[in-house]
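Content type mmCIF, C-alpha atoms; chains and numbers go by the auth columns, from the file coords23.cif:
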data_target
loop_
_atom_site.group_PDB
_atom_site.id
_atom_site.type_symbol
_atom_site.label_atom_id
_atom_site.label_comp_id
_atom_site.label_asym_id
_atom_site.label_seq_id
_atom_site.Cartn_x
_atom_site.Cartn_y
_atom_site.Cartn_z
_atom_site.B_iso_or_equiv
_atom_site.auth_seq_id
_atom_site.auth_asym_id
ATOM 1 C CA MET A 1 -24.413 -20.559 8.982 0.00 15 A
ATOM 2 C CA GLU A 2 -23.419 -23.973 10.298 0.00 16 A
ATOM 3 C CA ILE A 3 -21.002 -26.078 8.281 0.00 17 A
ATOM 4 C CA THR A 4 -23.518 -28.925 8.469 0.00 18 A
ATOM 5 C CA SER A 5 -25.864 -26.939 6.237 0.00 19 A
ATOM 6 C CA ILE A 6 -23.133 -26.328 3.642 0.00 20 A
ATOM 7 C CA LEU A 7 -21.408 -29.677 3.274 0.00 21 A
ATOM 8 C CA PRO A 8 -23.215 -32.935 2.525 0.00 22 A
ATOM 9 C CA GLU A 9 -23.175 -35.564 5.245 0.00 23 A
ATOM 10 C CA GLU A 10 -20.836 -37.780 3.237 0.00 24 A
ATOM 11 C CA CYS A 11 -18.164 -35.046 3.326 0.00 25 A
ATOM 12 C CA LEU A 12 -18.641 -34.476 7.032 0.00 26 A
ATOM 13 C CA CYS A 13 -18.354 -38.225 7.651 0.00 27 A
ATOM 14 C CA LEU A 14 -15.088 -38.322 5.731 0.00 28 A
ATOM 15 C CA ILE A 15 -13.698 -35.297 7.593 0.00 29 A
ATOM 16 C CA ILE A 16 -14.538 -36.674 11.025 0.00 30 A
ATOM 17 C CA SER A 17 -13.257 -40.162 10.152 0.00 31 A
ATOM 18 C CA LEU A 18 -9.852 -38.616 9.358 0.00 32 A
ATOM 19 C CA THR A 19 -9.528 -37.278 12.915 0.00 33 A
ATOM 20 C CA SER A 20 -9.553 -39.521 15.987 0.00 34 A
ATOM 21 C CA PRO A 21 -12.121 -41.267 18.188 0.00 35 A
ATOM 22 C CA GLU A 22 -11.618 -38.552 20.788 0.00 36 A
ATOM 23 C CA ASP A 23 -12.259 -35.804 18.231 0.00 37 A
ATOM 24 C CA ALA A 24 -15.335 -37.623 16.936 0.00 38 A
ATOM 25 C CA CYS A 25 -16.796 -37.672 20.452 0.00 39 A
ATOM 26 C CA ARG A 26 -16.099 -33.942 20.810 0.00 40 A
ATOM 27 C CA SER A 27 -17.769 -33.283 17.461 0.00 41 A
ATOM 28 C CA ALA A 28 -20.889 -35.100 18.631 0.00 42 A
ATOM 29 C CA MET A 29 -21.210 -32.578 21.464 0.00 43 A
ATOM 30 C CA ILE A 30 -21.251 -29.511 19.186 0.00 44 A
ATOM 31 C CA SER A 31 -24.770 -29.809 17.829 0.00 45 A
ATOM 32 C CA HIS A 32 -27.493 -32.303 17.021 0.00 46 A
ATOM 33 C CA ALA A 33 -26.515 -32.218 13.342 0.00 47 A
ATOM 34 C CA PHE A 34 -22.887 -33.028 14.116 0.00 48 A
ATOM 35 C CA ARG A 35 -23.969 -35.751 16.536 0.00 49 A
ATOM 36 C CA SER A 36 -25.943 -37.605 13.889 0.00 50 A
ATOM 37 C CA VAL A 37 -22.913 -37.570 11.587 0.00 51 A
ATOM 38 C CA ALA A 38 -20.228 -38.268 14.210 0.00 52 A
ATOM 39 C CA ASN A 39 -22.071 -41.365 15.433 0.00 53 A
ATOM 40 C CA ARG A 40 -22.515 -42.978 12.028 0.00 54 A
ATOM 41 C CA ASP A 41 -21.072 -46.394 11.229 0.00 55 A
ATOM 42 C CA GLU A 42 -19.058 -44.958 8.342 0.00 56 A
ATOM 43 C CA VAL A 43 -17.098 -42.830 10.812 0.00 57 A
ATOM 44 C CA TRP A 44 -16.457 -45.427 13.493 0.00 58 A
ATOM 45 C CA GLU A 45 -15.546 -48.206 11.094 0.00 59 A
ATOM 46 C CA LYS A 46 -12.529 -46.083 10.135 0.00 60 A
ATOM 47 C CA PHE A 47 -11.400 -46.092 13.765 0.00 61 A
ATOM 48 C CA LEU A 48 -11.618 -49.874 14.048 0.00 62 A
ATOM 49 C CA PRO A 49 -8.673 -52.035 12.907 0.00 63 A
ATOM 50 C CA SER A 50 -9.018 -53.221 9.322 0.00 64 A
ATOM 51 C CA ASP A 51 -9.121 -56.854 10.510 0.00 65 A
ATOM 52 C CA TYR A 52 -11.560 -56.332 13.387 0.00 66 A
ATOM 53 C CA ARG A 53 -14.191 -58.568 11.795 0.00 67 A
ATOM 54 C CA SER A 54 -11.916 -61.595 11.584 0.00 68 A
ATOM 55 C CA ILE A 55 -10.636 -61.001 15.126 0.00 69 A
ATOM 56 C CA ILE A 56 -14.163 -60.807 16.570 0.00 70 A
ATOM 57 C CA SER A 57 -15.404 -63.728 14.448 0.00 71 A
ATOM 58 C CA GLY A 58 -12.751 -65.960 15.950 0.00 72 A
ATOM 59 C CA SER A 59 -13.407 -64.806 19.512 0.00 73 A
ATOM 60 C CA SER A 60 -15.803 -65.771 22.273 0.00 74 A
ATOM 61 C CA SER A 61 -17.767 -62.558 21.532 0.00 75 A
ATOM 62 C CA SER A 62 -18.758 -62.943 17.866 0.00 76 A
ATOM 63 C CA SER A 63 -22.206 -61.435 18.606 0.00 77 A
ATOM 64 C CA LEU A 64 -20.476 -58.025 18.762 0.00 78 A
ATOM 65 C CA LEU A 65 -20.619 -57.905 14.961 0.00 79 A
ATOM 66 C CA SER A 66 -24.376 -57.263 15.177 0.00 80 A
ATOM 67 C CA LEU A 67 -23.808 -53.968 17.042 0.00 81 A
ATOM 68 C CA GLY A 68 -23.249 -50.510 15.607 0.00 82 A
ATOM 69 C CA LYS A 69 -19.614 -49.660 14.914 0.00 83 A
ATOM 70 C CA LYS A 70 -19.358 -47.098 17.718 0.00 84 A
ATOM 71 C CA ASP A 71 -20.721 -49.646 20.197 0.00 85 A
ATOM 72 C CA VAL A 72 -18.225 -52.220 18.923 0.00 86 A
ATOM 73 C CA TYR A 73 -15.386 -49.720 19.361 0.00 87 A
ATOM 74 C CA PHE A 74 -16.173 -48.855 22.957 0.00 88 A
ATOM 75 C CA HIS A 75 -16.944 -52.445 23.906 0.00 89 A
ATOM 76 C CA LEU A 76 -13.464 -53.398 22.721 0.00 90 A
ATOM 77 C CA CYS A 77 -11.999 -50.502 24.730 0.00 91 A
ATOM 78 C CA PHE A 78 -13.556 -51.492 28.042 0.00 92 A
ATOM 79 C CA HIS A 79 -14.144 -55.240 27.686 0.00 93 A
ATOM 80 C CA PRO A 80 -11.249 -57.378 26.402 0.00 94 A
ATOM 81 C CA ILE A 81 -12.428 -60.286 24.280 0.00 95 A
ATOM 82 C CA LEU A 82 -10.886 -63.745 24.450 0.00 96 A
ATOM 83 C CA ILE A 83 -9.298 -65.191 21.321 0.00 97 A
ATOM 84 C CA GLN A 84 -7.431 -68.400 20.389 0.00 98 A
ATOM 85 C CA ASN A 85 -9.485 -70.674 22.632 0.00 99 A
ATOM 86 C CA GLY A 86 -9.349 -68.313 25.584 0.00 100 A
ATOM 87 C CA THR A 87 -5.545 -68.229 25.831 0.00 101 A
ATOM 88 C CA LYS A 88 -5.153 -64.608 24.618 0.00 102 A
ATOM 89 C CA SER A 89 -7.173 -61.405 24.823 0.00 103 A
ATOM 90 C CA PHE A 90 -7.684 -58.483 22.468 0.00 104 A
ATOM 91 C CA GLN A 91 -8.832 -54.936 23.114 0.00 105 A
ATOM 92 C CA LEU A 92 -8.404 -51.377 21.843 0.00 106 A
ATOM 93 C CA GLU A 93 -6.671 -48.396 23.400 0.00 107 A
ATOM 94 C CA LYS A 94 -9.489 -45.909 23.968 0.00 108 A
ATOM 95 C CA LYS A 95 -7.983 -42.665 22.640 0.00 109 A
ATOM 96 C CA SER A 96 -6.311 -44.027 19.521 0.00 110 A
ATOM 97 C CA GLY A 97 -7.980 -47.327 18.685 0.00 111 A
ATOM 98 C CA LYS A 98 -4.580 -49.054 18.644 0.00 112 A
ATOM 99 C CA LYS A 99 -4.488 -52.792 19.248 0.00 113 A
ATOM 100 C CA CYS A 100 -3.655 -54.320 22.627 0.00 114 A
ATOM 101 C CA TYR A 101 -2.981 -58.005 23.171 0.00 115 A
ATOM 102 C CA MET A 102 -2.431 -60.070 26.284 0.00 116 A
ATOM 103 C CA MET A 103 -1.016 -63.571 26.248 0.00 117 A
ATOM 104 C CA GLY A 104 -2.554 -65.440 29.143 0.00 118 A
ATOM 105 C CA ALA A 105 -0.570 -67.894 31.240 0.00 119 A
ATOM 106 C CA ARG A 106 -1.822 -70.777 29.046 0.00 120 A
ATOM 107 C CA ALA A 107 -0.260 -69.087 25.987 0.00 121 A
ATOM 108 C CA LEU A 108 3.158 -68.911 27.676 0.00 122 A
ATOM 109 C CA SER A 109 5.775 -71.615 27.934 0.00 123 A
ATOM 110 C CA ILE A 110 6.270 -72.118 31.679 0.00 124 A
ATOM 111 C CA ILE A 111 9.074 -74.433 32.738 0.00 125 A
ATOM 112 C CA PRO A 112 8.731 -76.773 34.497 0.00 126 A
ATOM 113 C CA GLU A 113 5.021 -77.260 33.870 0.00 127 A
ATOM 114 C CA GLY A 114 2.594 -80.106 34.187 0.00 128 A
ATOM 115 C CA THR A 115 3.772 -80.986 37.702 0.00 129 A
ATOM 116 C CA PRO A 116 1.404 -79.922 40.506 0.00 130 A
ATOM 117 C CA ALA A 117 4.343 -79.749 42.884 0.00 131 A
ATOM 118 C CA HIS A 118 5.700 -76.806 40.841 0.00 132 A
ATOM 119 C CA TRP A 119 2.763 -75.005 39.157 0.00 133 A
ATOM 120 C CA ILE A 120 -1.005 -75.418 39.313 0.00 134 A
ATOM 121 C CA TRP A 121 -3.736 -74.034 37.081 0.00 135 A
ATOM 122 C CA THR A 122 -6.435 -72.148 38.945 0.00 136 A
ATOM 123 C CA SER A 123 -9.466 -69.957 38.151 0.00 137 A
ATOM 124 C CA LEU A 124 -9.698 -66.497 39.715 0.00 138 A
ATOM 125 C CA GLN A 125 -12.682 -64.166 39.627 0.00 139 A
ATOM 126 C CA GLU A 126 -10.503 -61.155 38.844 0.00 140 A
ATOM 127 C CA SER A 127 -8.866 -62.837 35.836 0.00 141 A
ATOM 128 C CA ARG A 128 -10.054 -62.275 32.279 0.00 142 A
ATOM 129 C CA PHE A 129 -8.868 -65.793 31.421 0.00 143 A
ATOM 130 C CA PRO A 130 -10.379 -69.158 32.373 0.00 144 A
ATOM 131 C CA GLU A 131 -7.115 -70.147 34.058 0.00 145 A
ATOM 132 C CA THR A 132 -4.103 -68.535 35.704 0.00 146 A
ATOM 133 C CA ALA A 133 -0.816 -70.158 36.698 0.00 147 A
ATOM 134 C CA GLU A 134 0.053 -70.279 40.392 0.00 148 A
ATOM 135 C CA LEU A 135 3.561 -71.067 41.532 0.00 149 A
ATOM 136 C CA LYS A 136 3.650 -73.720 44.256 0.00 150 A
ATOM 137 C CA GLN A 137 7.391 -74.254 44.514 0.00 151 A
ATOM 138 C CA VAL A 138 10.376 -73.975 42.184 0.00 152 A
ATOM 139 C CA TRP A 139 14.062 -73.244 42.549 0.00 153 A
ATOM 140 C CA TRP A 140 14.270 -71.326 39.274 0.00 154 A
ATOM 141 C CA LEU A 141 11.838 -69.383 37.061 0.00 155 A
ATOM 142 C CA ASN A 142 11.602 -69.678 33.295 0.00 156 A
ATOM 143 C CA MET A 143 8.582 -68.484 31.311 0.00 157 A
ATOM 144 C CA ARG A 144 8.549 -67.358 27.693 0.00 158 A
ATOM 145 C CA GLY A 145 6.199 -66.081 25.035 0.00 159 A
ATOM 146 C CA GLU A 146 6.212 -64.805 21.476 0.00 160 A
ATOM 147 C CA ILE A 147 3.878 -62.779 19.265 0.00 161 A
ATOM 148 C CA GLU A 148 4.064 -61.785 15.592 0.00 162 A
ATOM 149 C CA THR A 149 4.539 -58.061 15.040 0.00 163 A
ATOM 150 C CA LYS A 150 2.336 -58.050 11.922 0.00 164 A
ATOM 151 C CA ILE A 151 -0.806 -58.265 14.071 0.00 165 A
ATOM 152 C CA LEU A 152 0.103 -55.110 16.012 0.00 166 A
ATOM 153 C CA SER A 153 -0.834 -51.548 15.031 0.00 167 A
ATOM 154 C CA SER A 154 1.659 -49.824 12.743 0.00 168 A
ATOM 155 C CA ASP A 155 3.690 -46.726 13.631 0.00 169 A
ATOM 156 C CA THR A 156 3.137 -47.302 17.326 0.00 170 A
ATOM 157 C CA ASN A 157 5.346 -47.302 20.400 0.00 171 A
ATOM 158 C CA TYR A 158 4.539 -50.514 22.259 0.00 172 A
ATOM 159 C CA ALA A 159 5.458 -51.546 25.775 0.00 173 A
ATOM 160 C CA VAL A 160 5.476 -55.093 27.134 0.00 174 A
ATOM 161 C CA TYR A 161 4.112 -55.689 30.641 0.00 175 A
ATOM 162 C CA PHE A 162 4.327 -58.665 32.981 0.00 176 A
ATOM 163 C CA VAL A 163 0.932 -58.939 34.733 0.00 177 A
ATOM 164 C CA PHE A 164 0.936 -60.819 38.019 0.00 178 A
ATOM 165 C CA LYS A 165 0.211 -60.824 41.723 0.00 179 A
ATOM 166 C CA LEU A 166 1.735 -62.355 44.838 0.00 180 A
ATOM 167 C CA ARG A 167 -0.230 -64.403 47.313 0.00 181 A
ATOM 168 C CA LYS A 168 -0.835 -62.635 50.615 0.00 182 A
ATOM 169 C CA GLU A 169 0.414 -65.711 52.418 0.00 183 A
ATOM 170 C CA HIS A 170 3.061 -68.335 51.691 0.00 184 A
ATOM 171 C CA THR A 171 5.031 -66.140 49.282 0.00 185 A
ATOM 172 C CA THR A 172 8.802 -66.585 49.447 0.00 186 A
ATOM 173 C CA GLY A 173 11.883 -66.100 47.289 0.00 187 A
ATOM 174 C CA PHE A 174 11.110 -62.676 45.778 0.00 188 A
ATOM 175 C CA THR A 175 12.085 -60.195 48.500 0.00 189 A
ATOM 176 C CA GLN A 176 15.567 -58.682 48.081 0.00 190 A
ATOM 177 C CA ARG A 177 16.069 -60.726 44.931 0.00 191 A
ATOM 178 C CA THR A 178 15.651 -59.740 41.308 0.00 192 A
ATOM 179 C CA VAL A 179 14.241 -61.474 38.253 0.00 193 A
ATOM 180 C CA GLY A 180 15.255 -60.823 34.685 0.00 194 A
ATOM 181 C CA LEU A 181 12.719 -59.367 32.243 0.00 195 A
ATOM 182 C CA HIS A 182 13.762 -59.905 28.625 0.00 196 A
ATOM 183 C CA VAL A 183 12.312 -58.439 25.400 0.00 197 A
ATOM 184 C CA HIS A 184 13.742 -59.253 21.975 0.00 198 A
ATOM 185 C CA VAL A 185 12.439 -57.875 18.657 0.00 199 A
ATOM 186 C CA ASP A 186 14.116 -59.893 15.928 0.00 200 A
ATOM 187 C CA LYS A 187 13.693 -57.706 12.832 0.00 201 A
ATOM 188 C CA ILE A 188 15.189 -54.574 14.429 0.00 202 A
ATOM 189 C CA GLY A 189 17.713 -56.410 16.579 0.00 203 A
ATOM 190 C CA LEU A 190 16.397 -54.914 19.819 0.00 204 A
ATOM 191 C CA ARG A 191 17.266 -56.865 22.934 0.00 205 A
ATOM 192 C CA GLU A 192 16.370 -55.369 26.303 0.00 206 A
ATOM 193 C CA VAL A 193 17.013 -56.862 29.739 0.00 207 A
ATOM 194 C CA ARG A 194 15.786 -55.411 33.027 0.00 208 A
ATOM 195 C CA MET A 195 16.567 -56.754 36.495 0.00 209 A
ATOM 196 C CA VAL A 196 13.775 -55.915 38.940 0.00 210 A
ATOM 197 C CA SER A 197 12.264 -57.034 42.217 0.00 211 A
ATOM 198 C CA LEU A 198 8.703 -58.337 42.158 0.00 212 A
ATOM 199 C CA ASP A 199 8.417 -57.799 45.909 0.00 213 A
ATOM 200 C CA PRO A 200 10.482 -54.677 46.718 0.00 214 A
ATOM 201 C CA LEU A 201 11.107 -53.409 50.226 0.00 215 A
ATOM 202 C CA ARG A 202 9.932 -49.925 51.205 0.00 216 A
ATOM 203 C CA ASP A 203 13.352 -48.340 50.582 0.00 217 A
ATOM 204 C CA GLU A 204 13.850 -50.053 47.211 0.00 218 A
ATOM 205 C CA PRO A 205 12.845 -48.567 43.824 0.00 219 A
ATOM 206 C CA ARG A 206 9.300 -49.548 42.878 0.00 220 A
ATOM 207 C CA TYR A 207 8.713 -50.270 39.220 0.00 221 A
ATOM 208 C CA ILE A 208 5.485 -52.145 39.882 0.00 222 A
ATOM 209 C CA ARG A 209 2.138 -50.464 39.189 0.00 223 A
ATOM 210 C CA GLU A 210 -1.304 -51.481 40.392 0.00 224 A
ATOM 211 C CA ARG A 211 -3.738 -51.898 37.518 0.00 225 A
ATOM 212 C CA GLY A 212 -7.434 -51.186 37.579 0.00 226 A
ATOM 213 C CA ASP A 213 -8.371 -54.856 37.224 0.00 227 A
ATOM 214 C CA GLY A 214 -7.032 -56.302 40.459 0.00 228 A
ATOM 215 C CA TRP A 215 -3.554 -57.173 39.162 0.00 229 A
ATOM 216 C CA MET A 216 -0.095 -55.622 39.233 0.00 230 A
ATOM 217 C CA GLU A 217 2.191 -54.998 36.303 0.00 231 A
ATOM 218 C CA ILE A 218 5.784 -54.155 35.589 0.00 232 A
ATOM 219 C CA GLU A 219 7.180 -52.940 32.277 0.00 233 A
ATOM 220 C CA MET A 220 9.507 -55.445 30.655 0.00 234 A
ATOM 221 C CA GLY A 221 10.637 -53.302 27.728 0.00 235 A
ATOM 222 C CA ALA A 222 9.459 -51.209 24.779 0.00 236 A
ATOM 223 C CA PHE A 223 9.830 -51.072 21.002 0.00 237 A
ATOM 224 C CA PHE A 224 8.514 -49.210 17.955 0.00 238 A
ATOM 225 C CA LYS A 225 6.344 -51.101 15.470 0.00 239 A
ATOM 226 C CA ASN A 226 6.990 -49.734 11.986 0.00 240 A
ATOM 227 C CA CYS A 227 4.592 -50.124 9.097 0.00 241 A
ATOM 228 C CA GLY A 228 5.516 -53.287 7.235 0.00 242 A
ATOM 229 C CA ASP A 229 7.429 -54.943 10.089 0.00 243 A
ATOM 230 C CA ASP A 230 6.966 -58.690 9.762 0.00 244 A
ATOM 231 C CA GLY A 231 8.869 -60.385 12.535 0.00 245 A
ATOM 232 C CA SER A 232 8.214 -61.383 16.113 0.00 246 A
ATOM 233 C CA VAL A 233 8.591 -60.129 19.663 0.00 247 A
ATOM 234 C CA GLU A 234 9.948 -62.605 22.185 0.00 248 A
ATOM 235 C CA PHE A 235 9.727 -62.022 25.933 0.00 249 A
ATOM 236 C CA SER A 236 10.654 -63.956 29.010 0.00 250 A
ATOM 237 C CA VAL A 237 10.789 -63.817 32.799 0.00 251 A
ATOM 238 C CA TRP A 238 13.801 -65.639 34.185 0.00 252 A
ATOM 239 C CA GLU A 239 15.512 -66.239 37.521 0.00 253 A
ATOM 240 C CA ALA A 240 17.952 -68.987 38.432 0.00 254 A
ATOM 241 C CA HIS A 241 19.185 -68.424 41.994 0.00 255 A
ATOM 242 C CA THR A 242 18.750 -72.080 42.894 0.00 256 A
ATOM 243 C CA ASN A 243 19.717 -71.488 46.514 0.00 257 A
ATOM 244 C CA TYR A 244 16.299 -69.973 47.174 0.00 258 A
ATOM 245 C CA VAL A 245 12.941 -71.668 46.822 0.00 259 A
ATOM 246 C CA LYS A 246 10.217 -69.534 45.234 0.00 260 A
ATOM 247 C CA GLN A 247 6.502 -69.688 46.022 0.00 261 A
ATOM 248 C CA GLY A 248 3.311 -67.616 45.731 0.00 262 A
ATOM 249 C CA LEU A 249 3.583 -65.972 42.283 0.00 263 A
ATOM 250 C CA ILE A 250 0.335 -65.918 40.279 0.00 264 A
ATOM 251 C CA ILE A 251 0.572 -65.165 36.553 0.00 265 A
ATOM 252 C CA GLU A 252 -2.196 -63.456 34.607 0.00 266 A
ATOM 253 C CA GLY A 253 -0.125 -62.992 31.456 0.00 267 A
ATOM 254 C CA ILE A 254 2.083 -60.698 29.405 0.00 268 A
ATOM 255 C CA GLU A 255 0.466 -57.683 27.746 0.00 269 A
ATOM 256 C CA LEU A 256 1.501 -55.592 24.746 0.00 270 A
ATOM 257 C CA ARG A 257 -0.157 -52.192 24.475 0.00 271 A
ATOM 258 C CA PRO A 258 0.684 -48.680 23.242 0.00 272 A
ATOM 259 C CA LYS A 259 3.176 -47.136 25.636 0.00 273 A
ATOM 260 C CA ASP A 260 1.807 -44.777 28.298 0.00 274 A
ATOM 261 C CA SER A 261 -1.757 -46.016 27.879 0.00 275 A
ATOM 262 C CA GLY A 262 -3.208 -47.049 31.227 0.00 276 A
ATOM 263 C CA SER A 263 -4.924 -50.309 32.024 0.00 277 A
#
Can you dump the structure from the file as structure tokens?
Amino acid sequence: MEITSILPEECLCLIISLTSPEDACRSAMISHAFRSVANRDEVWEKFLPSDYRSIISGSSSSSLLSLGKKDVYFHLCFHPILIQNGTKSFQLEKKSGKKCYMMGARALSIIPEGTPAHWIWTSLQESRFPETAELKQVWWLNMRGEIETKILSSDTNYAVYFVFKLRKEHTTGFTQRTVGLHVHVDKIGLREVRMVSLDPLRDEPRYIRERGDGWMEIEMGAFFKNCGDDGSVEFSVWEAHTNYVKQGLIIEGIELRPKDSGS
């Protein structure tokens, strides 16, 4: 006798909602009866963040709220939505439903900015944002960002990634030289600094990874977000070897997502 004929649907919904999105999808494959329960809104709303409605309402994709909860979940997994006037993006990690945020170049403090001789704002087809920052020429790098930890998922190991690319032509100042990647979490006193090359030679260690969206990324640091943490994470990319001009860096943004989840 199948369990679906013994327990009422409300109990089955509760049981499945206490598992994970991955387990719910497996349950839907067991039988038609399980599928009808595992796909219900009551189940998938439990997998969505408690504030998903306010996040979507303030985004460029507010029409998502008219979809079923499972459709909302998977849309947020595969299609980042733009928030805060298109300067940041939000999505979910597919297996866990944990929150992922990216601060686009417009949400970062880039110094010096506003001078076309140093940085220009440009639109790229492969970018999720309306604008990216392209480095024309500087002697030193300095870009910073900050995000409140309270908007992140609790009890989660997060990593911070610098998302960028280098122009195929007219790129100078990054080979055989390192930049500093800084992550500081104020409430737990974590301060991490990594010195890496954004354009390593073949015999140098490669910490850069190609993403599935046409960009490259490098991990800046990691931290654990505890339940109840109410502080901020600060991050920066910095380099001040003023003897070398730097050109050709294109910035997509800085992303925070659960550690070891791909992009």
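For the point (9.3, -52.6, 22.1) in file coordinates, the residues within 7 Å, using only C-alpha atoms, are Asn171, Tyr172, Ala173, Val174, Gly235, Ala236, Phe237 and Phe238 of chain A.
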Could you tell me which residues the PyMOL selection byres ((chain A and resi 39) around 10) grabs in this file, written as a PyMOL selection string? chain A and resi 30+34-38+40-44+48-49+52-53
For Gln261 in chain A, which residue out of A:Gln151, A:Ser76, A:Ser168, A:Thr189 is the nearest one, using only C-alpha atoms? A:Gln151
Residue by residue, what does the PyMOL selection byres ((chain A and resi 162) around 8) grab here? Present the result as a PyMOL selection string. chain A and resi 160-161+163-166+244-247
Excluding same-chain residues fewer than 4 positions from range 176-178 of chain A, what lies within 6 Å of it counting only C-alpha atoms, as a PyMOL selection string? chain A and resi 229-232+264-268
Could you dump the residues just selected with C-alpha atoms as a PDB file, keeping the file's coordinate frame?
ATOM      1  CA  TRP A 229      -3.554 -57.173  39.162  1.00  0.00           C
ATOM      2  CA  MET A 230      -0.095 -55.622  39.233  1.00  0.00           C
ATOM      3  CA  GLU A 231       2.191 -54.998  36.303  1.00  0.00           C
ATOM      4  CA  ILE A 232       5.784 -54.155  35.589  1.00  0.00           C
ATOM      5  CA  ILE A 264       0.335 -65.918  40.279  1.00  0.00           C
ATOM      6  CA  ILE A 265       0.572 -65.165  36.553  1.00  0.00           C
ATOM      7  CA  GLU A 266      -2.196 -63.456  34.607  1.00  0.00           C
ATOM      8  CA  GLY A 267      -0.125 -62.992  31.456  1.00  0.00           C
ATOM      9  CA  ILE A 268       2.083 -60.698  29.405  1.00  0.00           C
TER      10      ILE A 268
END
Which neighbours of Arg67 in chain A fall inside 10 Å, counting only C-alpha atoms, when residues of the same chain fewer than 5 positions from it are skipped, and could you give them as a VMD selection string? chain A and resid 62 72 to 73 76 78 to 79
Can you give me, as a ChimeraX atom specification, the residues this file yields under the PyMOL selection byres ((chain A and resi 169) around 6)? /A:168,170,239-241
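Each of A:Leu204, A:Val197, A:Lys273, A:Cys25 was compared to Val251 in chain A using only C-alpha atoms, and A:Val197 turns out to be the nearest.
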Residue contacts of range 95-110 of chain A (7 Å, only C-alpha atoms) excluding same-chain residues fewer than 3 positions away, as a list of chain:residue names: A:Ser34, A:Pro35, A:Glu36, A:Gly72, A:Ser73, A:Ser74, A:Ser75, A:Leu90, A:Cys91, A:Lys113, A:Cys114, A:Tyr115, A:Met116, A:Met117, A:Gly118, A:Arg120, A:Ala121, A:Phe143, A:Pro144
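When all atoms listed in the file are used to compute distances to Leu270 in chain A, the closest of the residues A:Leu212, A:Trp58, A:Met234, A:Leu26 turns out to be A:Met234.
Closest approach to Ser64 in chain A among A:Leu155, A:His89, A:Ser167, A:Thr185: A:Ser167, based on all atoms listed in the file.
Using all atoms listed in the file, the smallest distance between any of A:Arg142, A:Arg220, A:Arg158, A:Lys260 and Leu180 in chain A comes from A:Lys260.
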Quick one: pull the distance between CA of Gly194 in chain A and CA of Ala119 in chain A, Å, one decimal. 17.7 Å
